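To keep things clear, I will list the structure first and then write my remarks on it.
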Amino acid sequence: MEGQNGKESAGQEKGTSKAELKASYQHFDPALYLQRHYTPPRASFDNKDNVVPWKLGLIHRAFTEGDLKGDVLVDIGSGPTLYQVMSGCERFNRVILSDFVEANRRELQSWLQGKSNSLDWTPFFQHVCKLEGRSPEAWSEKAQRLRSVVTDVLPVDIHQPNPLPLDALPPSGADCLISCYCLEASSPDLASFNKALGHIAGLIRQGGHLLLIGTLEISFYYPAPDVRIPVMRLDEAQVCSSLKNCGFQLQDLSVYYLPQDMHKTTDDARSMFFAKAMKQ
Ligand SMILES: C[S@@+](CC[C@H](N)C(=O)[O-])C[C@H]1O[C@@H](n2cnc3c(N)ncnc32)[C@H](O)[C@@H]1O
């Protein structure tokens, strides 16, 4: 939506346009982001109430309940993270990762090539092995499986009607699309979130699935020391109606409230959602 002066209308913070958000993302620091969001206290396997076991458990359940599997799984806005495809890599022949920021794509490529990495993903692999009823020692087999099924790490822009490069996906679309904390963190307002959801819906085949994770109560985060990204504030009802309006049938919705000891000063996240939906 264009506002005065040709700027897109702002959401949480007046004056923030899609173009300004995109410019801010060019300063995204993968190592700092991983350290802030994927190490203790934000990420812990010792505490069963931590957000990471919560989301890994729901992603695992989403694939096992109803035996969800297929040819292509695509992850939109992967950032520098891998946890979100650790269950799906066992159930799809191909996994496609994607991000808007080149530094994030480089971080993913570096892990895929077995080069140095900003985070040790071993405890995440071990946890998912346990969810699958395997020994945690099978983690390196799982890492190998993931490396062998990821065929591409692509640039993506959810604000484009065709977010991925041409021919990235089969003509009928992906069997399943996962996207975590991307849409609300890169859209200035609800109208732009809904439009972006419509764009990524177009990447899924009819009858395929969407797994969406996002933050509900948040207004900012810092993905680099001096880069404050404003995040639009969503609520549960908006998530449900956006999914319905984009042609999805909701199959599962869970909400997580961050315990006090996980609150930080580098973001003001308070709750998160997980949704599983089928494209009708
Ligand atoms: C909060 S991070 C989420 C990263 C990761 N998925 C996770 O679970 O932690 C938001 C991601 O959205 C990406 N992003 C920003 N603008 C985007 C755009 N226009 N299209 C697609 N992705 C975008 C960023 O590069 C960043 O990796």
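Scheme for the structure tokens: letters A, B, ... for chains in order shown; per-chain residue numbers from 1; ligand numbers from 1 in order shown.
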
Set the distance at 8 Å and use only C-alpha atoms: which residues neighbour Leu203 in chain A once local chain neighbours fewer than 2 positions away are removed? I'd like the list as a list in words.
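With the cut-off at 8 Å, the set is Leu169, Gly173, Ala174, Leu177, His199, Ile200, Ala201 and Arg205 of chain A.
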
Exercise answer, 9 Å around ligand 1 with only C-alpha atoms and all ligand atoms, as a short mmCIF file (atom, residue, chain, number, x, y, z; two decimals) with C-alpha atoms, in the first residue's frame:
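The result, written out as part04.cif:
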data_model
loop_
_atom_site.label_atom_id
_atom_site.label_comp_id
_atom_site.auth_asym_id
_atom_site.auth_seq_id
_atom_site.Cartn_x
_atom_site.Cartn_y
_atom_site.Cartn_z
CA LYS A 18 9.58 -2.38 2.75
CA ALA A 19 12.58 -0.82 1.02
CA LEU A 21 13.50 -3.05 5.92
CA LYS A 22 15.29 -4.66 2.99
CA ALA A 23 18.17 -2.19 3.37
CA SER A 24 18.43 -2.92 7.13
CA TYR A 25 18.60 -6.66 6.41
CA GLN A 26 21.78 -6.17 4.42
CA PHE A 28 22.21 -8.96 9.27
CA PRO A 30 24.52 -14.44 11.07
CA TYR A 33 21.87 -13.83 15.42
CA LEU A 34 22.71 -17.49 16.04
CA HIS A 37 18.67 -16.88 19.50
CA TYR A 38 20.11 -20.40 19.37
CA ASP A 75 12.14 -23.34 3.52
CA ILE A 76 11.49 -19.62 2.99
CA GLY A 77 13.67 -17.13 4.88
CA SER A 78 15.96 -19.80 6.33
CA GLY A 79 18.31 -17.18 7.76
CA PRO A 80 21.49 -18.90 9.01
CA THR A 81 19.50 -21.73 10.71
CA LEU A 82 19.00 -25.43 10.06
CA TYR A 83 16.82 -26.68 12.94
CA GLN A 84 13.62 -26.15 10.92
CA SER A 98 16.43 -19.78 0.84
CA ASP A 99 17.17 -16.37 2.26
CA PHE A 100 17.12 -12.72 1.27
CA VAL A 101 20.56 -12.01 2.75
CA GLU A 102 23.71 -13.27 1.05
CA ALA A 103 25.62 -13.59 4.35
CA ASN A 104 22.95 -16.03 5.59
CA ARG A 105 23.12 -18.07 2.41
CA PRO A 155 17.89 -16.00 -2.92
CA VAL A 156 14.28 -15.17 -2.03
CA ASP A 157 12.14 -12.07 -1.68
CA ILE A 158 8.69 -12.70 -0.25
CA HIS A 159 7.55 -9.27 -1.48
CA GLN A 160 7.89 -10.35 -5.11
CA PRO A 163 9.67 -15.00 -4.53
CA SER A 179 8.87 -20.57 7.06
CA CYS A 180 9.99 -19.46 10.52
CA TYR A 181 9.98 -15.86 11.83
CA CYS A 182 10.31 -14.46 8.32
CA LEU A 183 7.00 -12.93 7.21
CA GLU A 184 6.31 -10.70 10.22
CA ALA A 185 9.99 -9.73 10.52
CA SER A 186 10.21 -8.51 6.94
CA SER A 187 6.76 -6.94 6.42
CA ALA A 196 3.66 -11.94 1.12
CA ILE A 213 6.24 -20.23 12.84
CA GLY A 214 6.24 -16.60 13.91
CA TYR A 221 14.85 -7.17 17.36
CA PRO A 223 20.05 -8.89 14.08
#

So that I can see what lies close to range 139-153 of chain A, please list as a list in words the residues with an atom at most 6 Å from it, counting only C-alpha atoms and leaving out residues fewer than 4 positions away in the same chain.
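The residues satisfying every condition are Cys89, Arg94, Val95, Ile96, Leu97, Ser98, Leu112, Phe125 and Gln126 of chain A.
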
Export of prior selection with N, CA and C atoms as an mmCIF file, in the first residue's frame:
data_model
loop_
_atom_site.group_PDB
_atom_site.id
_atom_site.type_symbol
_atom_site.label_atom_id
_atom_site.label_comp_id
_atom_site.auth_asym_id
_atom_site.auth_seq_id
_atom_site.Cartn_x
_atom_site.Cartn_y
_atom_site.Cartn_z
ATOM 1 N N CYS A 89 13.908 -33.325 6.536
ATOM 2 C CA CYS A 89 14.908 -33.890 5.612
ATOM 3 C C CYS A 89 14.772 -35.404 5.492
ATOM 4 N N ARG A 94 13.951 -33.845 -1.708
ATOM 5 C CA ARG A 94 14.753 -32.624 -1.923
ATOM 6 C C ARG A 94 14.345 -31.579 -0.913
ATOM 7 N N VAL A 95 15.344 -30.867 -0.391
ATOM 8 C CA VAL A 95 15.063 -29.731 0.492
ATOM 9 C C VAL A 95 15.731 -28.506 -0.127
ATOM 10 N N ILE A 96 14.950 -27.423 -0.252
ATOM 11 C CA ILE A 96 15.492 -26.172 -0.794
ATOM 12 C C ILE A 96 15.487 -25.131 0.327
ATOM 13 N N LEU A 97 16.651 -24.556 0.586
ATOM 14 C CA LEU A 97 16.761 -23.499 1.583
ATOM 15 C C LEU A 97 16.795 -22.158 0.840
ATOM 16 N N SER A 98 16.420 -21.083 1.523
ATOM 17 C CA SER A 98 16.434 -19.783 0.837
ATOM 18 C C SER A 98 16.557 -18.653 1.847
ATOM 19 N N LEU A 112 26.840 -26.794 4.781
ATOM 20 C CA LEU A 112 26.583 -27.884 3.823
ATOM 21 C C LEU A 112 27.883 -28.459 3.286
ATOM 22 N N PHE A 125 20.443 -31.643 16.344
ATOM 23 C CA PHE A 125 20.303 -32.929 15.640
ATOM 24 C C PHE A 125 20.006 -34.050 16.637
ATOM 25 N N GLN A 126 20.714 -34.024 17.776
ATOM 26 C CA GLN A 126 20.524 -35.090 18.775
ATOM 27 C C GLN A 126 19.088 -35.084 19.302
#

According to DSSP computed on the backbone, where in range 65-276 of chain A is there alpha helix (DSSP H)? Give the residues as a count of residues only.
54

DSSP strand (DSSP E) selection over range 159-200 of chain A, as a list in words:
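Filtering range 159-200 of chain A to strand (DSSP E) leaves Ala174, Asp175, Cys176, Leu177, Ile178, Ser179 and Cys180 of chain A.
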
Closest to Thr215 in chain A among A:Lys276, A:Ser271, A:Leu154, A:Leu68, using only C-alpha atoms?
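Under the stated criterion, the closest residue is A:Ser271.
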
Could you give me, as a ChimeraX atom specification, the residues within 8 Å of Asn194 in chain A, counting only C-alpha atoms and dropping anything in the same chain fewer than 4 positions from it?
/A:190,198,242,246

Those residues you just picked out, can you put them in a file as a short mmCIF file (atom, residue, chain, number, x, y, z; two decimals), in the first residue's frame with N, CA and C atoms?
data_model
loop_
_atom_site.label_atom_id
_atom_site.label_comp_id
_atom_site.auth_asym_id
_atom_site.auth_seq_id
_atom_site.Cartn_x
_atom_site.Cartn_y
_atom_site.Cartn_z
N LEU A 190 0.22 -5.38 8.23
CA LEU A 190 -0.58 -6.58 7.98
C LEU A 190 -0.89 -6.76 6.49
N GLY A 198 0.37 -14.58 0.46
CA GLY A 198 -0.19 -14.99 -0.83
C GLY A 198 0.91 -15.39 -1.81
N SER A 242 -5.63 -14.62 8.14
CA SER A 242 -4.73 -14.48 6.98
C SER A 242 -4.59 -15.82 6.26
N CYS A 246 -5.93 -16.70 2.43
CA CYS A 246 -4.98 -17.10 1.38
C CYS A 246 -5.26 -18.52 0.90
#

So, with only C-alpha atoms as the atoms that count, which of A:Leu73, A:Ala237, A:Leu119, A:Leu131 lies closest to Pro53 in chain A?
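Of A:Leu73, A:Ala237, A:Leu119, A:Leu131, the one nearest Pro53 in chain A, counting only C-alpha atoms, is A:Leu131.
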
From A:Lys195, A:His127, A:Lys48, A:Arg61, residue lying nearest Asn245 in chain A [only C-alpha atoms]
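Of A:Lys195, A:His127, A:Lys48, A:Arg61, the one nearest Asn245 in chain A is A:Lys195, counting only C-alpha atoms.
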
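By chain and then residue number, the residues within 9 Å of Tyr222 in chain A are Phe28, Tyr33, Phe220, Ala224, Pro225, Asp226, Val227, Arg228, Ile229, Pro230, Thr266 and Asp267 of chain A, counting only C-alpha atoms and disregarding those fewer than 2 positions away in sequence.
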
Can those selected residues be exported to a file as a PDB file, in the first residue's frame so that it contains C-alpha atoms?
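Generated output (result-v8.pdb):
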ATOM      1  CA  PHE A  28      22.211  -8.958   9.267  1.00  0.00           C
ATOM      2  CA  TYR A  33      21.874 -13.831  15.415  1.00  0.00           C
ATOM      3  CA  PHE A 220      11.698  -5.064  17.425  1.00  0.00           C
ATOM      4  CA  ALA A 224      23.323  -6.903  14.274  1.00  0.00           C
ATOM      5  CA  PRO A 225      24.745  -4.702  17.063  1.00  0.00           C
ATOM      6  CA  ASP A 226      23.404  -1.383  15.708  1.00  0.00           C
ATOM      7  CA  VAL A 227      20.576  -2.603  13.521  1.00  0.00           C
ATOM      8  CA  ARG A 228      17.123  -2.396  15.044  1.00  0.00           C
ATOM      9  CA  ILE A 229      14.493  -4.107  12.898  1.00  0.00           C
ATOM     10  CA  PRO A 230      10.893  -3.132  13.661  1.00  0.00           C
ATOM     11  CA  THR A 266      17.910  -7.299  22.262  1.00  0.00           C
ATOM     12  CA  ASP A 267      14.283  -8.080  21.341  1.00  0.00           C
TER      13      ASP A 267
END
